[in-house]
file upload_16.json (JSON, C-alpha atoms and all ligand atoms)
[["chain", "number", "residue", "atom", "x", "y", "z"],
["E", 1, "MET", "CA", 7.71, -37.33, 25.31],
["E", 2, "SER", "CA", 5.27, -34.48, 25.84],
["E", 3, "ASP", "CA", 1.72, -34.53, 24.43],
["E", 4, "TYR", "CA", 1.83, -30.78, 23.99],
["E", 5, "VAL", "CA", 0.93, -29.77, 20.44],
["E", 6, "ILE", "CA", 1.98, -26.35, 19.25],
["E", 7, "PRO", "CA", -1.24, -24.61, 18.14],
["E", 8, "ASP", "CA", -1.56, -23.41, 14.56],
["E", 9, "PRO", "CA", -1.05, -19.66, 14.23],
["E", 10, "GLU", "CA", -4.23, -17.66, 13.92],
["E", 11, "PRO", "CA", -5.12, -13.97, 13.56],
["E", 12, "LYS", "CA", -5.44, -12.00, 16.79],
["E", 13, "PRO", "CA", -7.90, -9.16, 17.49],
["E", 14, "ILE", "CA", -5.18, -6.62, 16.58],
["E", 15, "ASP", "CA", -4.93, -8.24, 13.13],
["E", 16, "GLU", "CA", -8.66, -7.91, 12.54],
["E", 17, "LYS", "CA", -8.56, -4.29, 13.71],
["E", 18, "LEU", "CA", -5.63, -3.41, 11.44],
["E", 19, "SER", "CA", -7.17, -5.31, 8.55],
["E", 20, "MET", "CA", -10.39, -3.28, 8.85],
["E", 21, "GLU", "CA", -8.50, 0.02, 9.13],
["E", 22, "LEU", "CA", -6.38, -0.77, 6.07],
["E", 23, "ARG", "CA", -9.41, -1.93, 4.12],
["E", 24, "HIS", "CA", -11.05, 1.39, 4.91],
["E", 25, "LEU", "CA", -7.97, 3.28, 3.70],
["E", 26, "ALA", "CA", -7.82, 1.23, 0.51],
["E", 27, "ASP", "CA", -11.54, 1.73, -0.19],
["E", 28, "ASN", "CA", -11.25, 5.51, 0.28],
["E", 29, "ALA", "CA", -8.30, 5.63, -2.12],
["E", 30, "VAL", "CA", -10.01, 3.29, -4.61],
["E", 31, "LEU", "CA", -6.73, 1.39, -4.31],
["E", 32, "LYS", "CA", -6.29, -1.38, -6.90],
["E", 33, "GLY", "CA", -3.67, -4.08, -7.12],
["E", 34, "LYS", "CA", -3.08, -3.35, -10.80],
["E", 35, "PRO", "CA", -2.28, -0.31, -13.00],
["E", 36, "SER", "CA", -4.85, 2.02, -14.56],
["E", 37, "GLY", "CA", -3.55, 2.31, -18.10],
["E", 38, "ASP", "CA", -0.06, 3.78, -17.86],
["E", 39, "GLU", "CA", -0.69, 5.09, -14.34],
["E", 40, "LYS", "CA", 0.78, 3.01, -11.51],
["E", 41, "CYS", "CA", 2.47, 3.58, -8.18],
["E", 42, "GLU", "CA", 5.90, 3.14, -9.75],
["E", 43, "ASN", "CA", 5.47, 6.34, -11.79],
["E", 44, "CYS", "CA", 3.55, 8.31, -9.13],
["E", 45, "ARG", "CA", 5.18, 11.17, -7.24],
["E", 46, "PHE", "CA", 4.15, 9.67, -3.89],
["E", 47, "TYR", "CA", 5.96, 6.34, -4.42],
["E", 48, "LEU", "CA", 9.10, 6.76, -2.36],
["E", 49, "GLU", "CA", 11.48, 4.29, -4.04],
["E", 50, "PRO", "CA", 10.49, 3.84, -7.71],
["E", 51, "TYR", "CA", 13.25, 1.25, -8.31],
["E", 52, "LYS", "CA", 11.65, -1.18, -5.80],
["E", 53, "GLU", "CA", 8.74, -3.59, -6.35],
["E", 54, "ILE", "CA", 7.20, -2.59, -3.02],
["E", 55, "SER", "CA", 7.64, 0.84, -1.49],
["E", 56, "TYR", "CA", 6.17, 3.36, 0.88],
["E", 57, "CYS", "CA", 3.43, 5.67, -0.41],
["E", 58, "TRP", "CA", 3.77, 9.01, 1.33],
["E", 59, "HIS", "CA", 0.39, 10.41, 0.24],
["E", 60, "GLN", "CA", -1.08, 11.91, 3.39],
["E", 61, "LYS", "CA", -4.24, 9.80, 3.15],
["E", 62, "LEU", "CA", -2.39, 6.51, 2.76],
["E", 63, "ARG", "CA", 1.11, 6.22, 4.29],
["E", 64, "ILE", "CA", 1.28, 2.49, 3.70],
["E", 65, "LEU", "CA", 3.39, 0.05, 1.70],
["E", 66, "VAL", "CA", 2.12, -0.43, -1.85],
["E", 67, "GLY", "CA", 3.25, -2.37, -4.93],
["E", 68, "ALA", "CA", 4.91, -0.86, -8.01],
["E", 69, "GLU", "CA", 2.05, -2.09, -10.22],
["E", 70, "TRP", "CA", -0.76, -0.82, -7.98],
["E", 71, "TRP", "CA", -2.79, 2.34, -8.54],
["E", 72, "CYS", "CA", -5.15, 4.64, -6.64],
["E", 73, "GLN", "CA", -7.28, 7.68, -7.38],
["E", 74, "TRP", "CA", -4.63, 10.04, -5.99],
["E", 75, "TRP", "CA", -2.08, 9.07, -8.62],
["E", 76, "ASP", "CA", -0.04, 12.11, -9.67],
["E", 77, "PRO", "CA", 2.85, 12.13, -12.17],
["E", 78, "ILE", "CA", 6.42, 12.61, -11.02],
["E", 79, "PRO", "CA", 7.29, 16.28, -11.68],
["E", 80, "GLU", "CA", 9.60, 16.84, -14.65],
["E", 81, "ASP", "CA", 12.25, 18.52, -12.52],
["E", 82, "GLN", "CA", 12.46, 15.56, -10.11],
["E", 83, "PRO", "CA", 15.19, 12.93, -10.74],
["C", 1, "LIG", "S1", -0.82, 7.94, -4.24],
["C", 1, "LIG", "FE1", -1.84, 6.14, -5.03],
["C", 1, "LIG", "S2", -0.91, 5.78, -7.04],
["C", 1, "LIG", "FE2", 0.44, 7.13, -5.91],
["C", 1, "LIG", "S3", 1.93, 5.77, -4.90],
["C", 1, "LIG", "FE3", 0.26, 6.15, -3.46],
["C", 1, "LIG", "S4", -1.12, 4.44, -3.76],
["C", 1, "LIG", "FE4", 0.20, 4.54, -5.54]]
call {"tool": "encode", "arguments": {"input": "upload_16.json", "output": "structure tokens"}}
result
Amino acid sequence: MSDYVIPDPEPKPIDEKLSMELRHLADNAVLKGKPSGDEKCENCRFYLEPYKEISYCWHQKLRILVGAEWWCQWWDPIPEDQP
């Protein structure tokens, strides 16, 4: 039997780099993991798939996955003429 022990997974430099970049994006957007009153990603025009709990935010300053219950300072209502 081998003595080799599979090492525990640990973050790599790329993970720290991405984490810092995403943190910077989130700070700039004042992104919160909860709604602001009635405003939340789910009812924001930039939330791509409003029927999903997690979806892509296509706001040009974010372009990341966000949660339906999250909120940021760029929240904008879904236009009336949009389905
Ligand atoms: S712009 Fe802000 S509130 Fe709107 S979907 Fe993106 S993260 Fe959510």
call {"tool": "residues_near_ligand", "arguments": {"input": "upload_16.json", "ligand": "ligand LIG 1 (chain C)", "cutoff": "6 Å", "atoms": "all atoms listed in the file", "output": "ChimeraX atom specification"}}
result
/E:40-41,44,46-47,57,59,70-72,74-75
call {"tool": "atom_distance", "arguments": {"input": "upload_16.json", "atom1": "CA of Asn43 in chain E", "atom2": "CA of Glu69 in chain E"}}
result
9.2 Å
call {"tool": "atom_distance", "arguments": {"input": "upload_16.json", "atom1": "CA of Trp58 in chain E", "atom2": "CA of Pro11 in chain E"}}
result
27.5 Å
call {"tool": "residues_around", "arguments": {"input": "upload_16.json", "residues": "Ser55 in chain E", "least_positions_apart": "2", "cutoff": "7 Å", "atoms": "all atoms listed in the file", "output": "VMD selection string"}}
result
chain E and resid 47 to 49 52 to 53 57 65 to 67
call {"tool": "closest_residue", "arguments": {"input": "upload_16.json", "among": "E:Pro9, E:Lys17, E:Tyr4, E:Ala26", "to": "Ile64 in chain E", "atoms": "only C-alpha atoms"}}
result
E:Ala26
call {"tool": "closest_residue", "arguments": {"input": "upload_16.json", "among": "E:Glu39, E:Arg63, E:Leu18, E:Ile54", "to": "Ile78 in chain E", "atoms": "all atoms listed in the file"}}
result
E:Glu39
call {"tool": "closest_residue", "arguments": {"input": "upload_16.json", "among": "E:Asp81, E:Pro7, E:Pro13, E:Leu62", "to": "Leu31 in chain E", "atoms": "only C-alpha atoms"}}
result
E:Leu62
call {"tool": "atom_distance", "arguments": {"input": "upload_16.json", "atom1": "CA of Val30 in chain E", "atom2": "CA of Gln73 in chain E"}}
result
5.9 Å
call {"tool": "build_atoms", "arguments": {"input": "upload_16.json", "residues": "range 9-22 of chain E", "atoms": "N, CA, C and O atoms", "output": "tab-separated table (two decimals), keeping the file's coordinate frame"}}
result
chain	number	residue	atom	x	y	z
E	9	PRO	N	-0.91	-21.12	14.08
E	9	PRO	CA	-1.05	-19.66	14.23
E	9	PRO	C	-2.42	-19.21	13.73
E	9	PRO	O	-2.99	-19.81	12.81
E	10	GLU	N	-2.96	-18.21	14.38
E	10	GLU	CA	-4.23	-17.66	13.92
E	10	GLU	C	-4.27	-16.16	14.17
E	10	GLU	O	-3.54	-15.66	15.02
E	11	PRO	N	-5.08	-15.43	13.38
E	11	PRO	CA	-5.12	-13.97	13.56
E	11	PRO	C	-5.63	-13.59	14.94
E	11	PRO	O	-6.52	-14.24	15.50
E	12	LYS	N	-5.04	-12.52	15.48
E	12	LYS	CA	-5.44	-12.00	16.79
E	12	LYS	C	-6.36	-10.79	16.57
E	12	LYS	O	-6.45	-10.27	15.45
E	13	PRO	N	-7.02	-10.33	17.64
E	13	PRO	CA	-7.90	-9.16	17.49
E	13	PRO	C	-7.20	-7.96	16.85
E	13	PRO	O	-7.79	-7.25	16.04
E	14	ILE	N	-5.91	-7.75	17.17
E	14	ILE	CA	-5.18	-6.62	16.58
E	14	ILE	C	-5.11	-6.77	15.06
E	14	ILE	O	-5.14	-5.79	14.31
E	15	ASP	N	-5.01	-8.01	14.58
E	15	ASP	CA	-4.93	-8.24	13.13
E	15	ASP	C	-6.26	-7.89	12.46
E	15	ASP	O	-6.28	-7.32	11.37
E	16	GLU	N	-7.35	-8.24	13.11
E	16	GLU	CA	-8.66	-7.91	12.54
E	16	GLU	C	-8.87	-6.40	12.55
E	16	GLU	O	-9.40	-5.82	11.60
E	17	LYS	N	-8.43	-5.75	13.62
E	17	LYS	CA	-8.56	-4.29	13.71
E	17	LYS	C	-7.75	-3.61	12.60
E	17	LYS	O	-8.26	-2.75	11.88
E	18	LEU	N	-6.48	-4.01	12.47
E	18	LEU	CA	-5.63	-3.41	11.44
E	18	LEU	C	-6.15	-3.71	10.04
E	18	LEU	O	-6.14	-2.86	9.15
E	19	SER	N	-6.63	-4.92	9.85
E	19	SER	CA	-7.17	-5.31	8.55
E	19	SER	C	-8.34	-4.41	8.17
E	19	SER	O	-8.43	-3.92	7.03
E	20	MET	N	-9.23	-4.15	9.13
E	20	MET	CA	-10.39	-3.28	8.85
E	20	MET	C	-9.95	-1.85	8.57
E	20	MET	O	-10.46	-1.19	7.66
E	21	GLU	N	-8.98	-1.36	9.34
E	21	GLU	CA	-8.50	0.02	9.13
E	21	GLU	C	-7.86	0.17	7.75
E	21	GLU	O	-8.09	1.14	7.03
E	22	LEU	N	-7.05	-0.83	7.37
E	22	LEU	CA	-6.38	-0.77	6.07
E	22	LEU	C	-7.38	-0.93	4.93
E	22	LEU	O	-7.24	-0.31	3.88
